[in-house]
file target.pdb (PDB, C-alpha atoms, pLDDT in the B column)
ATOM      1  CA  MET K 362       0.000   0.000   0.000  1.00 87.00           C
ATOM      2  CA  LYS K 363       2.888   2.343   0.776  1.00 88.00           C
ATOM      3  CA  ASN K 364       4.391   1.772  -2.689  1.00 93.00           C
ATOM      4  CA  PHE K 365       1.024   2.537  -4.306  1.00 93.00           C
ATOM      5  CA  LYS K 366       0.773   5.853  -2.443  1.00 93.00           C
ATOM      6  CA  ILE K 367       4.299   6.820  -3.500  1.00 95.00           C
ATOM      7  CA  MET K 368       3.580   5.926  -7.139  1.00 96.00           C
ATOM      8  CA  LEU K 369       0.276   7.805  -7.089  1.00 96.00           C
ATOM      9  CA  PHE K 370       1.914  10.878  -5.557  1.00 95.00           C
ATOM     10  CA  GLY K 371       4.752  10.720  -8.111  1.00 96.00           C
ATOM     11  CA  THR K 372       2.288  10.385 -10.980  1.00 97.00           C
ATOM     12  CA  ILE K 373       0.257  13.392  -9.834  1.00 97.00           C
ATOM     13  CA  ILE K 374       3.380  15.538  -9.402  1.00 97.00           C
ATOM     14  CA  GLY K 375       4.732  14.377 -12.774  1.00 96.00           C
ATOM     15  CA  LEU K 376       1.461  15.201 -14.529  1.00 96.00           C
ATOM     16  CA  ALA K 377       1.349  18.658 -12.958  1.00 94.00           C
ATOM     17  CA  ILE K 378       4.927  19.467 -13.962  1.00 94.00           C
ATOM     18  CA  GLY K 379       4.395  18.013 -17.447  1.00 94.00           C
ATOM     19  CA  LEU K 380       1.239  20.056 -17.949  1.00 93.00           C
ATOM     20  CA  TRP K 381       3.024  23.211 -16.770  1.00 92.00           C
ATOM     21  CA  LEU K 382       5.936  22.691 -19.164  1.00 92.00           C
ATOM     22  CA  GLY K 383       3.698  21.513 -22.012  1.00 91.00           C
ATOM     23  CA  VAL K 384       1.485  24.589 -21.890  1.00 88.00           C
ATOM     24  CA  ASN K 385       4.511  26.877 -21.918  1.00 87.00           C
ATOM     25  CA  TYR K 386       6.109  24.938 -24.777  1.00 88.00           C
ATOM     26  CA  GLY K 387       2.899  25.036 -26.814  1.00 84.00           C
ATOM     27  CA  ARG K 388       2.590  28.788 -26.363  1.00 80.00           C
ATOM     28  CA  GLU K 389       6.266  29.305 -27.256  1.00 81.00           C
ATOM     29  CA  MET K 390       7.037  30.828 -23.850  1.00 83.00           C
ATOM     30  CA  PRO K 391      10.023  30.179 -21.572  1.00 86.00           C
ATOM     31  CA  LEU K 392       9.487  26.755 -19.991  1.00 86.00           C
ATOM     32  CA  LEU K 393       9.632  27.881 -16.373  1.00 85.00           C
ATOM     33  CA  SER K 394       7.384  30.944 -16.743  1.00 86.00           C
ATOM     34  CA  ASN K 395       3.844  31.148 -15.400  1.00 85.00           C
ATOM     35  CA  PRO K 396       1.477  29.506 -17.923  1.00 82.00           C
ATOM     36  CA  PHE K 397      -1.458  31.597 -16.654  1.00 81.00           C
ATOM     37  CA  SER K 398       0.176  34.955 -17.437  1.00 80.00           C
ATOM     38  CA  TYR K 399      -0.041  34.639 -21.223  1.00 68.00           C
ATOM     39  CA  HIS K 400      -1.655  37.682 -22.853  1.00 74.00           C
ATOM     40  CA  GLU K 401      -2.267  36.577 -26.452  1.00 74.00           C
ATOM     41  CA  SER K 402      -5.057  34.038 -26.949  1.00 76.00           C
ATOM     42  CA  LEU K 403      -5.136  31.530 -29.775  1.00 78.00           C
ATOM     43  CA  PRO K 404      -7.636  33.493 -31.923  1.00 87.00           C
ATOM     44  CA  GLU K 405      -5.506  36.630 -31.498  1.00 85.00           C
ATOM     45  CA  LYS K 406      -2.390  34.705 -32.516  1.00 83.00           C
ATOM     46  CA  ILE K 407      -4.137  33.292 -35.599  1.00 89.00           C
ATOM     47  CA  LYS K 408      -5.346  36.770 -36.557  1.00 91.00           C
ATOM     48  CA  ARG K 409      -1.842  38.224 -36.146  1.00 89.00           C
ATOM     49  CA  ILE K 410      -0.146  35.479 -38.156  1.00 92.00           C
ATOM     50  CA  SER K 411      -2.733  35.568 -40.934  1.00 94.00           C
ATOM     51  CA  GLY K 412      -2.354  39.353 -41.162  1.00 92.00           C
ATOM     52  CA  GLU K 413       1.411  39.026 -41.481  1.00 93.00           C
ATOM     53  CA  THR K 414       0.997  36.357 -44.146  1.00 95.00           C
ATOM     54  CA  LEU K 415      -1.477  38.497 -46.077  1.00 94.00           C
ATOM     55  CA  GLU K 416       0.891  41.462 -45.915  1.00 94.00           C
ATOM     56  CA  LYS K 417       3.815  39.384 -47.224  1.00 94.00           C
ATOM     57  CA  SER K 418       1.611  38.022 -50.003  1.00 94.00           C
ATOM     58  CA  GLY K 419       0.669  41.562 -50.989  1.00 92.00           C
ATOM     59  CA  HIS K 420       4.320  42.583 -51.226  1.00 92.00           C
ATOM     60  CA  ALA K 421       5.107  39.525 -53.361  1.00 92.00           C
ATOM     61  CA  LEU K 422       2.170  40.320 -55.638  1.00 93.00           C
ATOM     62  CA  GLU K 423       3.344  43.921 -56.022  1.00 94.00           C
ATOM     63  CA  LYS K 424       6.842  42.717 -56.961  1.00 93.00           C
ATOM     64  CA  THR K 425       5.375  40.328 -59.524  1.00 93.00           C
ATOM     65  CA  GLY K 426       3.207  43.079 -61.007  1.00 90.00           C
ATOM     66  CA  GLN K 427       6.185  45.408 -61.199  1.00 92.00           C
ATOM     67  CA  ALA K 428       8.254  42.717 -62.933  1.00 89.00           C
ATOM     68  CA  LEU K 429       5.461  42.140 -65.464  1.00 89.00           C
ATOM     69  CA  GLN K 430       5.209  45.875 -66.186  1.00 90.00           C
ATOM     70  CA  ASP K 431       8.958  46.069 -66.683  1.00 87.00           C
ATOM     71  CA  LYS K 432       8.871  43.146 -69.140  1.00 86.00           C
ATOM     72  CA  LEU K 433       5.957  44.599 -71.083  1.00 85.00           C
ATOM     73  CA  SER K 434       7.544  48.037 -71.360  1.00 84.00           C
ATOM     74  CA  LYS K 435      10.731  46.620 -72.965  1.00 72.00           C
TER      75      LYS K 435
END
call {"tool": "encode", "arguments": {"input": "target.pdb", "output": "structure tokens"}}
result
Amino acid sequence: MKNFKIMLFGTIIGLAIGLWLGVNYGREMPLLSNPFSYHESLPEKIKRISGETLEKSGHALEKTGQALQDKLSK
């Protein structure tokens, strides 16, 4: 019975530490920081990343259009 209690206690502590580190790793934060102090939610992160991607796509499209105009003018 004593061994079972030790294993149960170790499992609970291991799960808590693993959850703590896993949340921080998933949010790309320092591993030992507080996982509850994160300011950017998942929808905000998706919105930010999609905006950056859209902006980069716009710049690439402008470069392509400029290259086409240069070719047509020659």
call {"tool": "resolve_selection", "arguments": {"input": "target.pdb", "expression": "the PyMOL selection byres ((chain K and resi 388) around 12)", "output": "list of chain:residue names"}}
result
K:Trp381, K:Leu382, K:Gly383, K:Val384, K:Asn385, K:Tyr386, K:Gly387, K:Glu389, K:Met390, K:Pro391, K:Leu392, K:Ser394, K:Asn395, K:Pro396, K:Phe397, K:Ser398, K:Tyr399, K:His400, K:Glu401, K:Ser402, K:Leu403, K:Lys406
call {"tool": "atom_distance", "arguments": {"input": "target.pdb", "atom1": "CA of Ala377 in chain K", "atom2": "CA of Lys363 in chain K"}}
result
21.4 Å
call {"tool": "axis_aligned_box", "arguments": {"input": "target.pdb", "around": "range 408-413 of chain K", "padding_each_side": "3 Å", "output": "AutoDock Vina command-line options"}}
result
--center_x -2.0 --center_y 37.4 --center_z -38.8 --size_x 12.8 --size_y 9.9 --size_z 11.3
call {"tool": "atom_distance", "arguments": {"input": "target.pdb", "atom1": "CA of Asp431 in chain K", "atom2": "CA of Gly412 in chain K"}}
result
28.7 Å
call {"tool": "atom_distance", "arguments": {"input": "target.pdb", "atom1": "CA of Leu380 in chain K", "atom2": "CA of Ile407 in chain K"}}
result
22.7 Å
